[in-house]
Number of protein chains: 2
Amino acid sequence: MAVYRLIVAYRGTAYAGWQRQSNALGVQQVLEEALAGLLGRAVSVVGAGRTDAGVHARGQAVHLCLPGPFPEKGLVFGTNHYLTADVRVMAAESVKTGFHARKHALSKEYRYHLVRARVLSPVDALFAVRAQPDLDLAAVRRATELLPGRHDFSAFALSGGAHTQPWRRILEAEWHEEGPRITFRVVGEGFLRGMVRALVGTLLEVGRGRRSVSDFGELLTGRPRAEAGPTAPPEGLILQRVDYDPLWEGPEGD
Amino acid sequence: MAVYRLIVAYRGTAYAGWQRQSNALGVQQVLEEALAGLLGRAVSVVGAGRTDAGVHARGQAVHLCLPGPFPEKGLVFGTNHYLTADVRVMAAESVKTGFHARKHALSKEYRYHLVRARVLSPVDALFAVRAQPDLDLAAVRRATELLPGRHDFSAFALSGGAHTQPWRRILEAEWHEEGPRITFRVVGEGFLRGMVRALVGTLLEVGRGRRSVSDFGELLTGRPRAEAGPTAPPEGLILQRVDYDPLWEGPEGD
């Protein structure tokens, strides 16, 4: 058996999220059908993370098992031949048997894009949301400095999600500004469902002067969801990359 | 009579170009219909430049004449209420009687976006095209240095265009690189139809080692279209802005 890791990018606009669903189209289903077209047999893939409806990915990672070796370029260009234009396999690599895209992920990086503008340009609107021109980014940054570390993120978990425990470790969190474009970059060992967008929605309240930095800090101690701010819209969010231990790379040596 | 200049942004993906046409949908028609919805009467707009099918704009400029004054914010938000999401009025300002968006344009800036990649991500694909990873950008830049000045651009005019004369003055031309993203920025007093995309298609031949810098320079002396390279795809091109003499701003003083 040969195990492969694929890096998959997609525009989430048209999809009900990553996960295969019975009543709506998920990116997983689109990818599995393209792989079936290439390989001539049903194939299941396991994704590192479940992006929500409308959320994009530049670097979703998935694994799949094949009966035997398949050339890596063939997996990339062959699968893309069967895929629609808004989903692409960016890369494929052989990994060791036992590799699991979700369970073995060490960390994930998300980015959330905003543009300060009175009117959001249609050139930006598919992958970013509007921020008010006078947003206080300095205050947003002071609140963001509280994020790295291990916290109870109950206040930022999408209600309805079945979370075994609400503690997650954030490794990096920062805001990048270039002209009118503002990007929130966050790296964590894991994220609760809807967590990045709830963080963005709440941090923007700090930037509008509607919430203090210390109030934001209080939310990291296990407050209920209702005390935090709104969930920011999905179109601004991109799953940028998933990191793994390099020991998984390459086929088995034995 | 009150004359207004609107700054209009659009995703060109779904449109047959800027100009109103009898057999296909142009952005001009969409904008005129939205203005008619707001103002309750037929309105004609004149654009600074005719972008081709699939080409985007962040800063197309248009003028329109109204029987009397109309609040500028009302023009922006009111027109946007009637517009589809892929066209937006970004700004509106009163200009002096006699202002003409095309005839009085001093210069236009276009940008062409590429991404060095083996596979182009769907997150980039609506507004950029793929460049080969080993593109020789230094050679492209040496050829680009020949562009500023007044040249006979016959070699870069889309065949079929009815051009009175093929001389145009380029004011600035440069390539910007950030990670895998490459952007060609060009400012000129005017452009022939298809000229920016033919320049990009030909400069990329220089970057692939298929054409020398001096051969590119020869093309600026009035060679036929067939001697230059291909027209680069429309999705990478954006009309960034149009500049005017500030004397036109503000309503008439008398």
# chains A, B, ... in the order shown; residues from 1 in each chain; ligands from 1
>>> interface_residues(of="chain B", to="chain A", cutoff="7 Å", atoms="only C-alpha atoms", output="mmCIF file with N, CA and C atoms, in the first residue's frame")
data_model
loop_
_atom_site.group_PDB
_atom_site.id
_atom_site.type_symbol
_atom_site.label_atom_id
_atom_site.label_comp_id
_atom_site.auth_asym_id
_atom_site.auth_seq_id
_atom_site.Cartn_x
_atom_site.Cartn_y
_atom_site.Cartn_z
ATOM 1 N N ALA B 9 -15.015 50.040 -10.056
ATOM 2 C CA ALA B 9 -14.193 48.823 -9.980
ATOM 3 C C ALA B 9 -15.048 47.646 -10.412
ATOM 4 N N TYR B 10 -14.426 46.699 -11.100
ATOM 5 C CA TYR B 10 -15.195 45.511 -11.497
ATOM 6 C C TYR B 10 -14.300 44.303 -11.696
ATOM 7 N N ARG B 11 -14.904 43.146 -11.454
ATOM 8 C CA ARG B 11 -14.321 41.878 -11.910
ATOM 9 C C ARG B 11 -14.806 41.701 -13.342
ATOM 10 N N ARG B 58 -9.776 48.367 -11.095
ATOM 11 C CA ARG B 58 -9.916 48.919 -9.750
ATOM 12 C C ARG B 58 -10.273 50.393 -9.836
ATOM 13 N N ALA B 85 -22.861 42.362 -7.561
ATOM 14 C CA ALA B 85 -21.714 42.423 -6.649
ATOM 15 C C ALA B 85 -20.383 42.541 -7.370
ATOM 16 N N ASP B 86 -20.307 42.219 -8.671
ATOM 17 C CA ASP B 86 -18.998 42.278 -9.332
ATOM 18 C C ASP B 86 -18.704 43.626 -9.990
ATOM 19 N N VAL B 87 -19.572 44.601 -9.771
ATOM 20 C CA VAL B 87 -19.307 45.984 -10.204
ATOM 21 C C VAL B 87 -19.639 46.908 -9.032
ATOM 22 N N ARG B 88 -18.745 47.834 -8.718
ATOM 23 C CA ARG B 88 -18.976 48.759 -7.608
ATOM 24 C C ARG B 88 -18.532 50.166 -7.985
ATOM 25 N N MET B 90 -16.808 53.112 -6.539
ATOM 26 C CA MET B 90 -15.940 53.308 -5.377
ATOM 27 C C MET B 90 -16.004 54.745 -4.858
ATOM 28 N N VAL B 119 1.532 24.862 -10.315
ATOM 29 C CA VAL B 119 0.073 24.871 -10.450
ATOM 30 C C VAL B 119 -0.413 26.205 -9.879
ATOM 31 N N SER B 121 -2.858 28.466 -7.919
ATOM 32 C CA SER B 121 -3.901 28.255 -6.912
ATOM 33 C C SER B 121 -5.218 28.891 -7.357
ATOM 34 N N PRO B 122 -6.352 28.235 -7.087
ATOM 35 C CA PRO B 122 -7.652 28.846 -7.408
ATOM 36 C C PRO B 122 -7.876 30.157 -6.665
ATOM 37 N N VAL B 123 -7.148 30.355 -5.564
ATOM 38 C CA VAL B 123 -7.268 31.613 -4.824
ATOM 39 C C VAL B 123 -6.658 32.763 -5.637
#
>>> select_by_dssp(residues="region 6-123 of chain B", states="strand (DSSP E or B)", output="VMD selection string")
chain B and resid 6 to 10 46 to 47 56 to 66 87 to 95 107 to 116
>>> residues_around(residues="Thr202 (chain A)", least_positions_apart="5", cutoff="7 Å", atoms="only C-alpha atoms", output="list in words")
Ala228, Gly229 and Pro230 of chain A
>>> residues_around(residues="His151 (chain A)", least_positions_apart="6", cutoff="9 Å", atoms="only C-alpha atoms", output="list in words")
Pro166, Trp167, Arg168, Arg169, Ile170, Leu220, Thr221 and Gly222 of chain A
>>> write_last_selection(atoms="C-alpha atoms", output="PDB file, in the first residue's frame")
ATOM      1  CA  PRO A 166     -12.156  23.718  24.615  1.00  0.00           C
ATOM      2  CA  TRP A 167      -8.448  24.169  25.349  1.00  0.00           C
ATOM      3  CA  ARG A 168      -6.216  24.989  22.389  1.00  0.00           C
ATOM      4  CA  ARG A 169      -2.632  26.243  22.082  1.00  0.00           C
ATOM      5  CA  ILE A 170      -1.934  29.254  19.862  1.00  0.00           C
ATOM      6  CA  LEU A 220      -9.686  33.580  27.004  1.00  0.00           C
ATOM      7  CA  THR A 221     -10.559  32.133  30.421  1.00  0.00           C
ATOM      8  CA  GLY A 222     -13.536  30.000  29.366  1.00  0.00           C
TER       9      GLY A 222
END
>>> select_by_dssp(residues="region 90-179 of chain A", states="helix (DSSP H, G or I)", output="NGL selection string")
:A and (137-144 or 154-156)
>>> decode(residues="region 47-60 of chain A", atoms="all heavy atoms", output="tab-separated table (two decimals), in the first residue's frame")
chain	number	residue	atom	x	y	z
A	47	GLY	N	-8.99	14.92	5.27
A	47	GLY	CA	-8.42	16.25	5.32
A	47	GLY	C	-7.90	16.60	6.71
A	47	GLY	O	-8.38	16.07	7.71
A	48	ALA	N	-6.92	17.52	6.76
A	48	ALA	CA	-6.36	17.93	8.04
A	48	ALA	C	-7.37	18.72	8.86
A	48	ALA	O	-7.40	18.62	10.07
A	48	ALA	CB	-5.11	18.78	7.81
A	49	GLY	N	-8.18	19.52	8.19
A	49	GLY	CA	-9.13	20.34	8.92
A	49	GLY	C	-10.40	20.54	8.12
A	49	GLY	O	-10.37	20.52	6.89
A	50	ARG	N	-11.51	20.72	8.84
A	50	ARG	CA	-12.79	20.95	8.19
A	50	ARG	C	-13.01	22.44	8.04
A	50	ARG	O	-13.43	23.08	9.00
A	50	ARG	CB	-13.92	20.37	9.02
A	50	ARG	CG	-13.82	18.90	9.26
A	50	ARG	CD	-14.96	18.48	10.17
A	50	ARG	NE	-14.86	17.04	10.44
A	50	ARG	CZ	-15.71	16.37	11.20
A	50	ARG	NH1	-16.71	17.02	11.76
A	50	ARG	NH2	-15.57	15.09	11.38
A	51	THR	N	-12.74	22.98	6.87
A	51	THR	CA	-13.06	24.40	6.68
A	51	THR	C	-14.57	24.51	6.50
A	51	THR	O	-15.21	23.64	5.93
A	51	THR	CB	-12.32	24.98	5.48
A	51	THR	OG1	-12.61	24.19	4.31
A	51	THR	CG2	-10.81	24.97	5.69
A	52	ASP	N	-15.12	25.63	7.00
A	52	ASP	CA	-16.57	25.85	6.94
A	52	ASP	C	-17.01	26.33	5.56
A	52	ASP	O	-16.17	26.66	4.71
A	52	ASP	CB	-16.98	26.89	7.99
A	52	ASP	CG	-17.12	26.28	9.37
A	52	ASP	OD1	-17.51	25.10	9.47
A	52	ASP	OD2	-16.84	26.99	10.36
A	53	ALA	N	-18.30	26.40	5.36
A	53	ALA	CA	-18.87	26.87	4.09
A	53	ALA	C	-18.30	28.24	3.73
A	53	ALA	O	-18.29	29.15	4.57
A	53	ALA	CB	-20.38	26.95	4.20
A	54	GLY	N	-17.81	28.37	2.50
A	54	GLY	CA	-17.33	29.66	2.02
A	54	GLY	C	-15.89	29.99	2.37
A	54	GLY	O	-15.33	30.96	1.87
A	55	VAL	N	-15.26	29.18	3.23
A	55	VAL	CA	-13.87	29.42	3.62
A	55	VAL	C	-12.94	28.82	2.56
A	55	VAL	O	-13.20	27.75	2.02
A	55	VAL	CB	-13.58	28.80	5.01
A	55	VAL	CG1	-12.10	28.87	5.35
A	55	VAL	CG2	-14.42	29.50	6.07
A	56	HIS	N	-11.85	29.52	2.26
A	56	HIS	CA	-10.91	29.11	1.22
A	56	HIS	C	-9.72	28.35	1.82
A	56	HIS	O	-9.50	28.37	3.02
A	56	HIS	CB	-10.37	30.33	0.48
A	56	HIS	CG	-11.42	31.34	0.15
A	56	HIS	ND1	-12.38	31.11	-0.81
A	56	HIS	CD2	-11.69	32.56	0.67
A	56	HIS	CE1	-13.18	32.17	-0.89
A	56	HIS	NE2	-12.78	33.06	0.01
A	57	ALA	N	-8.94	27.74	0.93
A	57	ALA	CA	-7.70	27.10	1.36
A	57	ALA	C	-6.63	27.30	0.30
A	57	ALA	O	-6.90	27.20	-0.90
A	57	ALA	CB	-7.91	25.60	1.60
A	58	ARG	N	-5.43	27.63	0.77
A	58	ARG	CA	-4.25	27.57	-0.11
A	58	ARG	C	-3.48	26.29	0.16
A	58	ARG	O	-2.75	25.82	-0.69
A	58	ARG	CB	-3.32	28.75	0.15
A	58	ARG	CG	-3.77	30.06	-0.45
A	58	ARG	CD	-2.66	31.11	-0.30
A	58	ARG	NE	-3.04	32.39	-0.85
A	58	ARG	CZ	-2.90	32.74	-2.13
A	58	ARG	NH1	-2.39	31.89	-2.99
A	58	ARG	NH2	-3.27	33.93	-2.54
A	59	GLY	N	-3.63	25.75	1.39
A	59	GLY	CA	-2.78	24.63	1.76
A	59	GLY	C	-3.49	23.60	2.64
A	59	GLY	O	-2.91	23.16	3.63
A	60	GLN	N	-4.71	23.24	2.27
A	60	GLN	CA	-5.34	22.10	2.95
A	60	GLN	C	-4.48	20.86	2.67
A	60	GLN	O	-3.96	20.69	1.56
A	60	GLN	CB	-6.75	21.89	2.39
A	60	GLN	CG	-7.44	20.60	2.80
A	60	GLN	CD	-8.00	20.63	4.22
A	60	GLN	OE1	-7.24	20.58	5.19
A	60	GLN	NE2	-9.31	20.69	4.34
